[in-house]
Amino acid sequence: MKKYIIAVCLFLIALTMHARAIREEHELTGEKPRESYALGMAVGDDLRQAGLDLDYAAFIDGLRDAMEGVTTRLDPDEAFELIEIAFENAMNRQIVELRDAELRFLADNAAREGIIITESGLQYMVLEEGDGPQPTADDTVLVHYEGTLIDGTVFDSSYQQEQPEEIPLNLVIPGWAEALQLMNTGSMFQVYIPSSLAYGELGVGSIIPPFSTVIFKIELYGIANDDND
């Protein structure tokens, strides 16, 4: 199964390069060139996001040999192994880039006026200071919140609801639980949660990339299980 997936990836790369060759030699006036170019666009975007670095000349040689059915310079097992290594190296490069970008953001943000940093590395800014009780780790809180990536992309929000949301602190990411326990009821914080206290090196699918610091504006309205609230 693994080799099949790799073979499909290689075939898609071939389509991308074939579309590029057609573009250079012919205008996109025929059905086949247009379809090929469209495939190249789609696959090329995926390859770019994967971070692959190709030697186009060598790739075309391999493509031509395979399509013409001549003896290839690499046996299939070696070729599959090299493809696996290429994808692994690309992934490792991306991981390093994402980790470095997060560290730069956190360092720059820490230098901003009004930012408070806890021992865990959580960063926050007090937007409004309340005077009510602070929740504990076992409490359920009443909050409104909005979560964004560092580029401003909103990935979660409770503000579409009329009522604050009830959230048990023992079921949230560590950075959220820590931040809420620093807040008095009635407070509003801007919280910067490093990936180590949020969604880690994996992220959440296509929504939150790996090594993402997530930013939450949080308004604490009350403690749901507080008899005095």
# chains A, B, ... in the order shown; residues from 1 in each chain; ligands from 1
>>> residues_around(residues="region 145-156 of chain A", least_positions_apart="3", cutoff="12 Å", atoms="only C-alpha atoms", output="ChimeraX atom specification")
/A:101-102,104-106,109,141-142,159-161,163-167,176,180,187-195,198-199,203-221
>>> select_by_dssp(residues="region 95-128 of chain A", states="strand (DSSP E)", output="mmCIF file with N, CA and C atoms, in the first residue's frame")
data_model
loop_
_atom_site.group_PDB
_atom_site.id
_atom_site.type_symbol
_atom_site.label_atom_id
_atom_site.label_comp_id
_atom_site.auth_asym_id
_atom_site.auth_seq_id
_atom_site.Cartn_x
_atom_site.Cartn_y
_atom_site.Cartn_z
ATOM 1 N N ILE A 116 2.576 39.686 29.779
ATOM 2 C CA ILE A 116 3.018 38.978 30.985
ATOM 3 C C ILE A 116 3.315 37.540 30.592
ATOM 4 N N ILE A 117 4.413 36.994 31.110
ATOM 5 C CA ILE A 117 4.844 35.641 30.753
ATOM 6 C C ILE A 117 4.878 34.787 32.011
ATOM 7 N N GLN A 123 1.885 33.409 27.434
ATOM 8 C CA GLN A 123 1.935 34.868 27.388
ATOM 9 C C GLN A 123 0.507 35.410 27.377
ATOM 10 N N TYR A 124 0.290 36.509 28.105
ATOM 11 C CA TYR A 124 -1.049 37.089 28.093
ATOM 12 C C TYR A 124 -0.998 38.590 28.362
ATOM 13 N N MET A 125 -2.083 39.241 27.974
ATOM 14 C CA MET A 125 -2.257 40.676 28.209
ATOM 15 C C MET A 125 -3.631 40.885 28.826
ATOM 16 N N VAL A 126 -3.693 41.674 29.878
ATOM 17 C CA VAL A 126 -4.961 41.969 30.534
ATOM 18 C C VAL A 126 -5.634 43.113 29.781
ATOM 19 N N LEU A 127 -6.788 42.844 29.194
ATOM 20 C CA LEU A 127 -7.552 43.867 28.483
ATOM 21 C C LEU A 127 -8.556 44.546 29.412
ATOM 22 N N GLU A 128 -9.184 43.758 30.274
ATOM 23 C CA GLU A 128 -10.068 44.283 31.317
ATOM 24 C C GLU A 128 -9.860 43.430 32.565
#
>>> residues_around(residues="Pro133 (chain A)", least_positions_apart="2", cutoff="8 Å", atoms="only C-alpha atoms", output="PDB file with N, CA and C atoms, in the first residue's frame")
ATOM      1  N   ASP A 131     -13.247  41.660  39.091  1.00  0.00           N
ATOM      2  CA  ASP A 131     -13.036  41.577  40.539  1.00  0.00           C
ATOM      3  C   ASP A 131     -13.769  40.388  41.151  1.00  0.00           C
ATOM      4  N   PRO A 135     -11.545  30.881  38.812  1.00  0.00           N
ATOM      5  CA  PRO A 135     -11.873  29.447  38.732  1.00  0.00           C
ATOM      6  C   PRO A 135     -10.674  28.587  39.116  1.00  0.00           C
ATOM      7  N   ASN A 184      -9.833  36.762  37.037  1.00  0.00           N
ATOM      8  CA  ASN A 184     -10.976  36.984  37.917  1.00  0.00           C
ATOM      9  C   ASN A 184     -12.228  37.080  37.056  1.00  0.00           C
ATOM     10  N   THR A 185     -13.345  36.632  37.582  1.00  0.00           N
ATOM     11  CA  THR A 185     -14.595  36.756  36.853  1.00  0.00           C
ATOM     12  C   THR A 185     -14.830  38.224  36.490  1.00  0.00           C
TER      13      THR A 185
END
>>> select_by_dssp(residues="chain A", states="alpha helix (DSSP H)", output="MDAnalysis selection string")
chainID A and resid 2:25 31:50 56:68 76:110 174:181
>>> residues_around(residues="Thr140 (chain A)", least_positions_apart="2", cutoff="10 Å", atoms="only C-alpha atoms", output="VMD selection string")
chain A and resid 135 to 138 142 to 143 165 to 171 222 to 226
>>> write_last_selection(atoms="C-alpha atoms", output="PDB file, in the first residue's frame")
ATOM      1  CA  PRO A 135     -11.873  29.447  38.732  1.00  0.00           C
ATOM      2  CA  THR A 136      -9.923  26.342  39.688  1.00  0.00           C
ATOM      3  CA  ALA A 137      -8.773  23.479  37.479  1.00  0.00           C
ATOM      4  CA  ASP A 138     -11.920  21.478  38.286  1.00  0.00           C
ATOM      5  CA  LEU A 142     -18.855  30.641  31.392  1.00  0.00           C
ATOM      6  CA  VAL A 143     -16.876  32.370  28.644  1.00  0.00           C
ATOM      7  CA  GLU A 165     -20.316  28.931  26.476  1.00  0.00           C
ATOM      8  CA  GLU A 166     -19.876  26.494  29.371  1.00  0.00           C
ATOM      9  CA  ILE A 167     -16.428  24.886  29.246  1.00  0.00           C
ATOM     10  CA  PRO A 168     -14.954  22.429  31.809  1.00  0.00           C
ATOM     11  CA  LEU A 169     -11.326  23.404  32.440  1.00  0.00           C
ATOM     12  CA  ASN A 170     -10.301  19.774  32.820  1.00  0.00           C
ATOM     13  CA  LEU A 171     -11.164  19.163  29.155  1.00  0.00           C
ATOM     14  CA  GLY A 222     -18.682  33.368  35.550  1.00  0.00           C
ATOM     15  CA  ILE A 223     -18.117  29.952  37.059  1.00  0.00           C
ATOM     16  CA  ALA A 224     -20.940  27.594  36.174  1.00  0.00           C
ATOM     17  CA  ASN A 225     -20.653  25.480  39.310  1.00  0.00           C
ATOM     18  CA  ASP A 226     -20.225  28.456  41.654  1.00  0.00           C
TER      19      ASP A 226
END
>>> residues_around(residues="Arg73 (chain A)", least_positions_apart="6", cutoff="12 Å", atoms="only C-alpha atoms", output="MDAnalysis selection string")
chainID A and resid 58:59 61:66 79
>>> atom_distance(atom1="CA of Tyr37 (chain A)", atom2="CA of Leu74 (chain A)")
28.1 Å
